[in-house]
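One file, protein-v4.txt, is given below (compact mmCIF, C-alpha atoms).
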```txt
# COMPACT_ATOMS: atom_id res chain seq x y z
CA MET A 1 0.00 0.00 0.00
CA PRO A 2 1.55 3.34 -0.95
CA ARG A 3 2.51 5.42 2.02
CA ASP A 4 1.16 8.87 2.57
CA PRO A 5 4.21 11.05 3.13
CA SER A 6 2.13 13.95 4.33
CA ARG A 7 0.45 12.25 7.22
CA ALA A 8 2.93 13.59 9.80
CA LEU A 9 1.66 17.14 9.31
CA SER A 10 -1.77 18.70 9.37
CA GLU A 11 -3.42 20.17 6.30
CA GLU A 12 -2.82 23.68 7.65
CA GLU A 13 0.86 23.01 8.26
CA ILE A 14 1.28 21.65 4.77
CA ALA A 15 -0.49 24.63 3.27
CA GLU A 16 1.83 26.94 5.17
CA LEU A 17 4.90 25.04 4.03
CA ARG A 18 3.69 25.19 0.46
CA GLU A 19 3.21 28.91 0.69
CA GLN A 20 6.74 29.42 1.95
CA LEU A 21 8.13 27.17 -0.74
CA VAL A 22 6.24 29.07 -3.42
CA ARG A 23 8.04 32.22 -2.30
CA ALA A 24 11.41 30.50 -2.04
CA VAL A 25 11.15 28.88 -5.48
CA ALA A 26 10.04 32.16 -7.03
CA LYS A 27 13.24 33.77 -5.77
CA THR A 28 15.53 31.00 -6.98
CA CYS A 29 13.93 30.05 -10.25
CA PRO A 30 15.47 31.34 -13.48
CA ARG A 31 13.04 33.09 -15.77
CA TRP A 32 13.14 30.34 -18.37
CA LEU A 33 12.03 27.84 -15.75
CA ALA A 34 9.31 30.02 -14.23
CA ALA A 35 6.49 28.30 -16.12
CA ASP A 36 7.27 25.14 -14.15
CA ALA A 37 7.47 26.80 -10.76
CA ASP A 38 4.43 24.85 -9.53
CA ASP A 39 6.12 21.55 -10.28
CA LEU A 40 9.25 22.73 -8.53
CA VAL A 41 7.25 23.73 -5.48
CA GLN A 42 5.62 20.32 -5.49
CA GLY A 43 9.01 18.60 -5.73
CA ALA A 44 10.41 20.67 -2.88
CA LEU A 45 7.30 20.06 -0.78
CA LEU A 46 7.61 16.30 -1.24
CA LYS A 47 11.20 16.42 0.00
CA VAL A 48 10.15 18.36 3.07
CA LEU A 49 7.19 16.11 3.79
CA GLU A 50 9.35 13.04 3.47
CA ILE A 51 11.61 14.39 6.20
CA ALA A 52 8.60 15.23 8.34
CA ARG A 53 7.31 11.70 7.87
CA ARG A 54 10.67 10.16 8.84
CA ARG A 55 10.76 12.26 11.97
CA GLU A 56 7.12 11.64 12.67
CA GLY A 57 6.26 15.30 12.53
CA THR A 58 8.60 16.32 15.32
CA VAL A 59 10.66 18.62 13.14
CA GLU A 60 10.17 22.32 12.54
CA PHE A 61 11.19 23.72 9.19
CA SER A 62 12.89 27.10 9.34
CA THR A 63 12.63 29.57 6.51
CA PHE A 64 16.34 28.99 6.07
CA TYR A 65 15.82 25.27 5.59
CA LEU A 66 12.94 25.74 3.17
CA ARG A 67 14.99 28.12 1.07
CA ARG A 68 17.77 25.59 0.83
CA THR A 69 15.36 22.89 -0.18
CA ALA A 70 13.97 25.17 -2.87
CA TYR A 71 17.50 25.91 -4.07
CA SER A 72 18.43 22.23 -4.33
CA THR A 73 15.21 21.40 -6.14
CA VAL A 74 15.73 24.16 -8.68
CA VAL A 75 19.38 23.24 -9.30
CA ASP A 76 18.45 19.58 -9.71
CA GLU A 77 15.83 20.56 -12.29
CA ILE A 78 18.26 22.82 -14.18
CA ARG A 79 20.76 19.98 -14.31
CA ARG A 80 18.13 17.49 -15.41
CA ARG A 81 16.96 19.68 -18.27
CA ARG A 82 20.40 20.65 -19.46
CA ARG A 83 21.52 17.05 -19.46
CA ARG A 84 18.48 16.00 -21.43
CA ARG A 85 19.19 18.92 -23.74
CA GLU A 86 15.72 20.28 -23.05
CA VAL A 87 17.42 23.65 -22.74
CA PRO A 88 20.16 24.60 -25.19
CA LEU A 89 23.40 25.37 -23.37
CA ASP A 90 23.43 28.94 -24.50
CA GLU A 91 19.72 29.50 -24.03
CA GLY A 92 18.90 32.33 -21.66
CA PRO A 93 21.23 33.77 -19.12
CA GLY A 94 19.72 31.86 -16.22
CA MET A 95 19.34 33.41 -12.81
CA ASP A 96 21.14 36.56 -13.84
CA ASP A 97 18.58 37.24 -16.52
CA GLN A 98 19.22 40.39 -18.48
CA PRO A 99 16.66 41.12 -21.16
CA THR A 100 19.16 43.02 -23.30
CA LEU A 101 21.39 39.97 -23.47
CA ALA A 102 18.52 37.59 -24.02
CA ALA A 103 17.46 39.66 -26.99
CA ASP A 104 20.86 39.46 -28.63
CA PRO A 105 21.51 35.87 -29.68
CA GLU A 106 24.69 36.83 -31.51
CA ARG A 107 26.20 38.26 -28.37
CA LEU A 108 25.05 35.26 -26.35
CA SER A 109 26.70 32.94 -28.79
CA SER A 110 29.90 34.96 -28.77
CA ASP A 111 29.89 35.02 -24.96
CA SER A 112 29.41 31.26 -24.90
CA GLU A 113 32.39 30.78 -27.20
CA LEU A 114 34.46 33.05 -25.01
CA GLY A 115 33.28 31.08 -21.98
CA ARG A 116 34.44 27.80 -23.48
CA ALA A 117 37.79 29.37 -24.35
CA ILE A 118 38.12 30.68 -20.79
CA ARG A 119 37.46 27.23 -19.36
CA GLY A 120 40.04 25.71 -21.70
CA CYS A 121 42.56 28.30 -20.57
CA LEU A 122 41.78 27.85 -16.88
CA GLU A 123 42.84 24.23 -17.22
CA THR A 124 46.34 25.38 -18.11
CA LEU A 125 46.75 27.63 -15.06
CA ILE A 126 48.45 26.34 -11.95
CA ARG A 127 45.85 25.37 -9.38
CA PRO A 128 46.05 28.31 -6.93
CA ARG A 129 45.75 30.81 -9.78
CA ARG A 130 42.94 28.79 -11.34
CA LEU A 131 40.99 28.83 -8.06
CA ALA A 132 41.54 32.54 -7.50
CA VAL A 133 40.60 33.51 -11.05
CA THR A 134 37.55 31.25 -11.03
CA LEU A 135 36.13 33.02 -8.00
CA HIS A 136 37.05 36.38 -9.51
CA LEU A 137 35.12 35.41 -12.64
CA GLN A 138 32.22 34.38 -10.43
CA GLY A 139 32.08 38.00 -9.32
CA HIS A 140 33.82 37.81 -5.96
CA LYS A 141 35.99 40.54 -4.54
CA ILE A 142 39.59 39.95 -3.55
CA ARG A 143 38.75 39.82 0.15
CA GLU A 144 36.02 37.25 -0.47
CA VAL A 145 38.32 35.12 -2.61
CA GLY A 146 40.82 35.03 0.26
CA GLU A 147 38.15 34.14 2.78
CA PHE A 148 36.67 31.38 0.67
CA LEU A 149 40.01 29.78 -0.06
CA GLY A 150 41.67 30.36 3.31
CA TRP A 151 44.28 32.79 2.07
CA LYS A 152 45.36 36.21 3.17
CA ALA A 153 43.88 38.94 0.99
CA LYS A 154 47.32 39.86 -0.32
CA ARG A 155 47.95 36.32 -1.47
CA ALA A 156 44.54 36.14 -3.10
CA GLU A 157 45.23 39.43 -4.84
CA ASN A 158 48.58 38.23 -6.19
CA LEU A 159 47.07 35.01 -7.46
CA ILE A 160 44.18 36.81 -9.16
CA TYR A 161 46.54 39.23 -10.90
CA ARG A 162 48.95 36.56 -12.02
CA GLY A 163 46.14 34.24 -13.01
CA LEU A 164 44.41 36.96 -15.04
CA ASP A 165 47.70 37.64 -16.81
CA ASP A 166 48.00 33.96 -17.67
CA LEU A 167 44.37 33.88 -18.77
CA ARG A 168 44.72 36.91 -21.04
CA GLY A 169 47.84 35.45 -22.64
CA CYS A 170 46.06 32.17 -23.31
CA LEU A 171 42.96 33.90 -24.70
CA ASP A 172 45.13 36.03 -26.98
CA ARG A 173 46.70 32.89 -28.38
CA LYS A 174 43.24 31.45 -29.00
CA GLY A 175 42.12 34.60 -30.78
CA PHE A 176 39.93 35.89 -27.96
CA GLY A 177 42.01 38.92 -27.06
CA ARG A 178 40.37 42.26 -26.40
CA MET B 1 48.54 46.49 -10.35
CA ILE B 2 45.05 47.45 -11.45
CA ILE B 3 42.29 45.15 -12.64
CA ASP B 4 40.72 46.33 -15.87
CA HIS B 5 37.08 46.24 -14.84
CA GLN B 6 35.75 46.45 -18.37
CA GLU B 7 37.87 43.47 -19.32
CA SER B 8 36.84 41.62 -16.16
CA GLU B 9 33.20 42.19 -17.00
CA ARG B 10 33.71 40.77 -20.47
CA LEU B 11 35.42 37.70 -19.02
CA ARG B 12 32.78 37.27 -16.35
CA ARG B 13 30.00 37.49 -18.91
CA GLY B 14 31.70 34.86 -21.03
CA PHE B 15 32.38 32.63 -18.04
CA ALA B 16 28.70 32.84 -17.01
CA ALA B 17 27.45 32.21 -20.54
CA ASP B 18 29.06 28.80 -20.78
CA ARG B 19 26.74 26.38 -18.95
CA HIS B 20 28.23 23.16 -20.15
CA ALA B 21 28.88 20.31 -17.68
CA PRO B 22 31.69 18.32 -19.31
CA ARG B 23 31.70 15.56 -16.68
CA PRO B 24 28.27 15.59 -15.06
CA GLU B 25 29.03 12.45 -13.09
CA GLU B 26 31.62 14.46 -11.15
CA CYS B 27 29.30 17.33 -10.25
CA PRO B 28 28.99 17.84 -6.49
CA PRO B 29 25.44 17.68 -5.13
CA PRO B 30 23.66 21.06 -5.11
CA GLU B 31 23.69 21.03 -1.30
CA GLN B 32 27.49 20.91 -1.28
CA ILE B 33 27.78 23.74 -3.80
CA GLY B 34 25.30 25.74 -1.74
CA ARG B 35 27.25 25.14 1.46
CA ALA B 36 30.50 26.13 -0.22
CA ALA B 37 28.96 29.28 -1.69
CA ARG B 38 27.57 30.25 1.70
CA GLY B 39 30.95 29.71 3.30
CA GLU B 40 29.92 26.76 5.40
CA LEU B 41 32.75 24.49 4.30
CA ALA B 42 36.41 24.54 5.28
CA PRO B 43 38.70 26.21 2.74
CA ARG B 44 40.15 22.89 1.66
CA GLU B 45 36.67 21.62 0.77
CA VAL B 46 35.77 24.90 -0.89
CA ARG B 47 38.89 24.62 -3.06
CA ASP B 48 37.71 21.27 -4.36
CA VAL B 49 34.32 22.72 -5.25
CA VAL B 50 35.91 25.77 -6.92
CA GLU B 51 38.26 23.50 -8.85
CA HIS B 52 35.15 21.84 -10.26
CA LEU B 53 33.50 25.19 -11.07
CA ALA B 54 36.52 26.15 -13.15
CA ALA B 55 35.62 23.37 -15.57
CA CYS B 56 31.85 23.12 -15.16
CA GLY B 57 29.53 25.88 -16.30
CA GLU B 58 26.50 24.21 -14.85
CA CYS B 59 27.90 24.07 -11.32
CA ALA B 60 29.30 27.59 -11.62
CA GLU B 61 25.74 28.64 -12.35
CA ALA B 62 24.51 26.74 -9.28
CA TRP B 63 27.10 28.60 -7.18
CA ARG B 64 25.92 31.98 -8.50
CA LEU B 65 22.35 30.95 -7.86
CA ALA B 66 23.17 30.08 -4.25
CA ARG B 67 24.96 33.37 -3.74
CA ALA B 68 22.16 35.42 -5.28
CA PHE B 69 19.62 33.56 -3.20
CA GLU B 70 21.63 34.07 -0.04
CA GLU B 71 22.16 37.75 -0.69
CA GLU B 72 18.48 38.25 -1.28
CA ALA B 73 17.65 36.36 1.91
CA ALA B 74 20.17 38.46 3.85
CA GLY B 75 18.57 41.61 2.47
CA GLU B 76 15.11 40.40 3.42
CA GLU B 77 16.15 39.66 6.96
CA GLY B 78 16.88 43.31 7.52
CA GLY B 79 20.57 43.42 6.73
CA THR B 80 21.83 45.65 4.00
CA GLU B 81 25.06 43.70 3.73
CA PRO B 82 25.08 40.93 1.16
CA ALA B 83 25.99 37.46 2.30
CA THR B 84 29.71 37.15 2.68
CA PRO B 85 32.10 34.25 2.83
CA PRO B 86 32.78 32.71 6.20
CA ALA B 87 35.29 35.12 7.61
CA SER B 88 34.29 34.32 11.13
CA ARG B 89 33.95 30.58 10.76
CA TRP B 90 36.92 29.82 8.56
CA PRO B 91 39.23 32.78 8.89
CA ALA B 92 41.89 33.44 6.33
CA ARG B 93 45.33 33.37 7.79
CA ALA B 94 45.60 36.41 9.97
CA PHE B 95 48.16 38.97 9.04
CA ALA B 96 51.16 38.92 11.33
CA PRO B 97 51.33 41.86 13.67
CA TRP B 98 52.54 44.95 11.89
CA ALA B 99 55.40 45.56 14.26
CA ALA B 100 56.76 42.05 13.93
CA ALA B 101 56.54 42.23 10.16
CA ALA B 102 58.33 45.55 10.05
CA ALA B 103 61.05 44.29 12.35
CA ALA B 104 61.50 41.20 10.25
CA VAL B 105 61.73 43.20 7.05
CA LEU B 106 64.28 45.57 8.57
CA ALA B 107 66.33 42.66 9.82
CA LEU B 108 66.27 41.05 6.40
CA VAL B 109 67.36 44.19 4.63
CA ALA B 110 70.08 44.85 7.17
CA THR B 111 71.61 41.42 6.93
CA GLY B 112 71.26 41.17 3.19
CA LEU B 113 69.20 38.05 3.44
CA TRP B 114 66.24 39.33 1.47
CA TRP B 115 65.14 36.77 -1.03
CA SER B 116 65.97 38.99 -3.94
CA GLU B 117 66.06 36.36 -6.65
CA ARG B 118 62.42 35.54 -6.24
CA PRO B 119 60.46 36.24 -9.45
CA ALA B 120 58.91 39.64 -9.04
CA GLY B 121 55.25 39.60 -8.15
CA PRO B 122 52.90 42.50 -7.76
CA THR B 123 53.35 42.45 -4.01
CA GLN B 124 54.97 40.17 -1.50
CA ALA B 125 53.90 39.13 1.95
CA PRO B 126 56.36 39.75 4.74
CA VAL B 127 58.86 36.92 4.86
CA TYR B 128 60.31 35.70 8.12
CA ARG B 129 63.42 34.05 6.92
CA GLN B 130 64.85 31.40 9.19
CA GLY B 131 62.65 32.57 12.03
CA ALA B 132 63.47 31.42 15.51
CA GLU B 133 60.56 29.04 15.66
CA VAL B 134 60.38 27.37 12.26
CA THR B 135 63.20 26.31 9.98
CA ILE B 136 62.67 24.38 6.78
CA HIS B 137 65.06 21.46 6.26
CA SER B 138 65.69 19.57 3.05
CA GLN B 139 64.85 15.87 3.14
CA VAL B 140 66.63 15.18 -0.13
CA PRO B 141 69.78 13.06 0.31
CA GLU B 142 72.82 15.20 -0.42
CA ASP B 143 75.12 12.38 -1.39
CA LYS B 144 73.40 11.17 -4.54
CA PRO B 145 71.85 12.92 -7.52
CA LEU B 146 68.11 12.92 -8.06
CA PRO B 147 66.76 10.68 -10.82
CA ARG B 148 65.29 12.80 -13.61
CA ASP B 149 62.24 10.63 -13.99
CA HIS B 150 61.39 10.82 -10.30
CA ALA B 151 62.90 13.98 -8.94
CA GLU B 152 61.05 14.23 -5.68
CA LEU B 153 61.95 17.20 -3.54
CA ALA B 154 60.94 16.89 0.09
CA TRP B 155 61.34 19.06 3.14
CA SER B 156 60.29 19.25 6.76
CA GLY B 157 60.06 21.66 9.63
CA ALA B 158 56.75 23.45 9.12
CA PRO B 159 53.76 22.51 11.25
CA GLU B 160 50.85 20.47 9.97
CA GLY B 161 48.36 22.50 7.99
CA SER B 162 51.06 24.60 6.32
CA THR B 163 50.98 25.06 2.58
CA TYR B 164 54.01 25.58 0.40
CA ASP B 165 55.22 27.41 -2.66
CA LEU B 166 58.24 25.95 -4.38
CA SER B 167 60.63 27.36 -6.93
CA VAL B 168 63.25 25.32 -8.79
CA SER B 169 65.93 26.97 -10.89
CA THR B 170 69.29 26.42 -12.51
CA GLU B 171 72.50 27.76 -11.04
CA ASP B 172 72.18 30.80 -13.31
CA LEU B 173 68.68 31.36 -11.82
CA ARG B 174 66.68 30.27 -14.85
CA THR B 175 63.37 29.01 -13.49
CA LEU B 176 62.79 25.33 -14.26
CA ASP B 177 59.56 24.79 -12.38
CA GLN B 178 57.30 26.40 -9.83
CA ALA B 179 54.49 25.06 -7.73
CA GLU B 180 52.15 26.90 -5.44
CA ASP B 181 49.85 26.00 -2.62
CA LEU B 182 51.21 22.51 -2.11
CA GLU B 183 49.51 20.80 0.77
CA GLU B 184 52.22 18.21 1.32
CA PRO B 185 55.91 18.93 2.03
CA ARG B 186 57.05 17.24 -1.13
CA TYR B 187 56.84 17.73 -4.86
CA THR B 188 58.02 15.76 -7.86
CA VAL B 189 59.53 17.92 -10.56
CA PRO B 190 58.41 16.71 -13.99
CA ALA B 191 61.25 15.22 -16.01
CA LYS B 192 60.67 17.63 -18.89
CA ALA B 193 61.68 20.51 -16.61
CA PHE B 194 65.24 19.18 -16.78
CA ASP B 195 65.38 19.09 -20.58
CA GLY B 196 68.66 20.59 -21.73
CA LEU B 197 70.39 20.15 -18.38
CA ALA B 198 73.61 18.13 -18.44
CA SER B 199 73.98 15.06 -16.27
CA GLY B 200 75.24 16.10 -12.87
CA ALA B 201 73.94 19.66 -13.25
CA LYS B 202 72.93 21.31 -10.05
CA VAL B 203 69.50 22.76 -9.44
CA LEU B 204 68.57 25.24 -6.75
CA TRP B 205 65.26 24.99 -4.94
CA ARG B 206 63.55 26.98 -2.28
CA VAL B 207 60.38 26.59 -0.33
CA GLU B 208 58.11 29.23 1.14
CA ALA B 209 55.88 27.82 3.84
CA HIS B 210 52.61 29.50 4.75
CA LEU B 211 51.99 28.52 8.34
CA PRO B 212 48.53 28.04 9.83
CA ASP B 213 49.17 31.00 12.17
CA GLY B 214 49.54 33.33 9.19
CA ARG B 215 53.30 33.61 9.05
CA THR B 216 55.36 32.88 6.00
CA VAL B 217 58.73 31.18 6.41
CA ALA B 218 61.25 30.91 3.60
CA SER B 219 63.77 28.11 3.47
CA PRO B 220 67.41 28.51 2.60
CA THR B 221 68.24 27.72 -1.00
CA PHE B 222 68.96 24.02 -1.32
CA VAL B 223 71.25 22.62 -3.99
CA THR B 224 70.70 19.21 -5.53
CA ALA B 225 72.41 17.46 -8.43
CA ILE B 226 70.38 15.84 -11.21
CA GLU B 227 71.30 12.48 -12.68
```

Can you turn what I pasted into structure tokens?
Amino acid sequence: MPRDPSRALSEEEIAELREQLVRAVAKTCPRWLAADADDLVQGALLKVLEIARRREGTVEFSTFYLRRTAYSTVVDEIRRRRRRREVPLDEGPGMDDQPTLAADPERLSSDSELGRAIRGCLETLIRPRRLAVTLHLQGHKIREVGEFLGWKAKRAENLIYRGLDDLRGCLDRKGFGR
Amino acid sequence: MIIDHQESERLRRGFAADRHAPRPEECPPPEQIGRAARGELAPREVRDVVEHLAACGECAEAWRLARAFEEEAAGEEGGTEPATPPASRWPARAFAPWAAAAAAVLALVATGLWWSERPAGPTQAPVYRQGAEVTIHSQVPEDKPLPRDHAELAWSGAPEGSTYDLSVSTEDLRTLDQAEDLEEPRYTVPAKAFDGLASGAKVLWRVEAHLPDGRTVASPTFVTAIE
């Protein structure tokens, strides 16, 4: 007999959880995935209810926890679709949606090519520089790079500079110079 | 040195536009990426995740998603500061006290021991050469040359948790190989680094240890012959 994963919580509690997950998913979900937000909420809710069932309803779900569940559900779905090629790799800029970019397929394509070249070049950098430059390219400041990687800011700064130099040299050789 | 922000933006845009996962089976679970992006993992674990992001556009996107989500949540909870990495939980190595650093630098200049041959970088951390507490010793046997196909350099003296930068050069200071952020006190120089060196040629090598307490200790220059 199929189990009822929701039985550990009351209808009201489930409705409240759903409402919070709707908000959390809406904040995490890329625009191109927004049409499926309901399914994502349902997926996240099932995960939460499964935990409630295992703990026989004795667990309280913080907003923090629900947000994380929403995040994991959305990332899982993005991965699933990309891997099934339901979304072209260069389709839409994802969470950092910018309509001007989305409207310019040529630029998107050229950015994607540059991105692939960057990743090829990063492979050739020595590891500390690769790590520092990767976080720089992810938008992090020098101080943050140091804190993430356990380095003094000065060391992070040196590695970013040297790594960017290496990266530029490599991109120039590949024809992606400025 | 100044970062060209326009250029950085171009590179960041390109980096974000590539969403390809070349080896999806190696992707960390979203929870792990989220924890790393929120600064909940130790630096060593974060490094492994970041190493993966360097090659995987999909996971880099998941990282950015986690950060954006976290920053929005932080804003909602009343803070104006965006979420930051875990400075308080996993501190970067603290800077050595200013006075000690200045004294060390003065002492180095005065005694002519400054490591002047080091390839010039944009800036250099204070170096406590041969400090009273920590001295790096070579563990390479002095009485026999290193085999080219397994030229392992090894050293000791720094406490556990230290990381190391290594520089290997010829006697005329031509750099043969460099390694940074080694987590073990040993390194095998690739055989191709010795191309063009005569049998019995001597190589110079030096280690800079970054100690867990934030200090940096430089070794003497060691000399080793190559088979």

Taking only C-alpha atoms into account, produce a table as JSON lines in which each residue of chain A with an atom at most 6 Å from an atom of chain B appears once, together with its shortest atom pair and the distance in Å to one decimal, ordered by chain and rising number.
```
{"residue": "A:Ser72", "atom": "CA", "partner": "B:Pro30", "partner_atom": "CA", "distance": 5.4}
{"residue": "A:Leu89", "atom": "CA", "partner": "B:Arg19", "partner_atom": "CA", "distance": 5.6}
{"residue": "A:Asp111", "atom": "CA", "partner": "B:Gly14", "partner_atom": "CA", "distance": 4.3}
{"residue": "A:Ser112", "atom": "CA", "partner": "B:Asp18", "partner_atom": "CA", "distance": 4.8}
{"residue": "A:Leu114", "atom": "CA", "partner": "B:Gly14", "partner_atom": "CA", "distance": 5.2}
{"residue": "A:Gly115", "atom": "CA", "partner": "B:Gly14", "partner_atom": "CA", "distance": 4.2}
{"residue": "A:Arg119", "atom": "CA", "partner": "B:Ala55", "partner_atom": "CA", "distance": 5.7}
{"residue": "A:Thr134", "atom": "CA", "partner": "B:Ala54", "partner_atom": "CA", "distance": 5.6}
{"residue": "A:Leu137", "atom": "CA", "partner": "B:Arg12", "partner_atom": "CA", "distance": 4.8}
{"residue": "A:Glu144", "atom": "CA", "partner": "B:Pro85", "partner_atom": "CA", "distance": 5.9}
{"residue": "A:Glu147", "atom": "CA", "partner": "B:Ala92", "partner_atom": "CA", "distance": 5.2}
{"residue": "A:Phe148", "atom": "CA", "partner": "B:Pro85", "partner_atom": "CA", "distance": 5.8}
{"residue": "A:Leu149", "atom": "CA", "partner": "B:Pro43", "partner_atom": "CA", "distance": 4.7}
{"residue": "A:Gly150", "atom": "CA", "partner": "B:Ala92", "partner_atom": "CA", "distance": 4.3}
{"residue": "A:Trp151", "atom": "CA", "partner": "B:Ala92", "partner_atom": "CA", "distance": 4.9}
{"residue": "A:Lys152", "atom": "CA", "partner": "B:Arg93", "partner_atom": "CA", "distance": 5.4}
```

Quiz item: In Å, with one decimal, what is the gap from CA of Arg130 in chain A to CA of Cys170 in chain A?
Solution: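 Between CA of Arg130 in chain A and CA of Cys170 in chain A the gap works out to 12.8 Å.
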
Quiz item: Which residue out of A:Lys27, A:Arg168, A:Arg82, A:Arg53 has the minimum interatomic distance to Leu122 in chain A when all atoms listed in the file are used?
Solution: A:Arg168

Exercise. Have a look at CA of Thr170 in chain B and CA of Asp143 in chain B and let me know their distance in Å, one decimal.
Key: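 The value is 18.8 Å.
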
Practice problem: Choose the residue, out of A:Arg67, A:Arg116, A:Arg55, A:Lys141, that has the smallest atom-to-atom separation from Cys29 in chain A; count all atoms listed in the file. | Solution: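 Closest residue, counting all atoms listed in the file: A:Arg67.
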
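Here the question is which of A:Arg178, A:Asp172, A:Thr73, A:Pro128 gets nearest to Glu183 in chain B using only C-alpha atoms, and that residue is A:Pro128.
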
Quiz prompt | Atom-to-atom span, CA of Ala35 in chain A and CA of Glu11 in chain A, Å | solution =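 A separation of 25.8 Å between them.
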
Quiz prompt | Shell of 12 Å around Leu197 in chain B, only C-alpha atoms, local chain residues under 6 positions omitted, as number ranges by chain | solution = B: 148, 169-172, 174, 176, 191, 203, 225-227
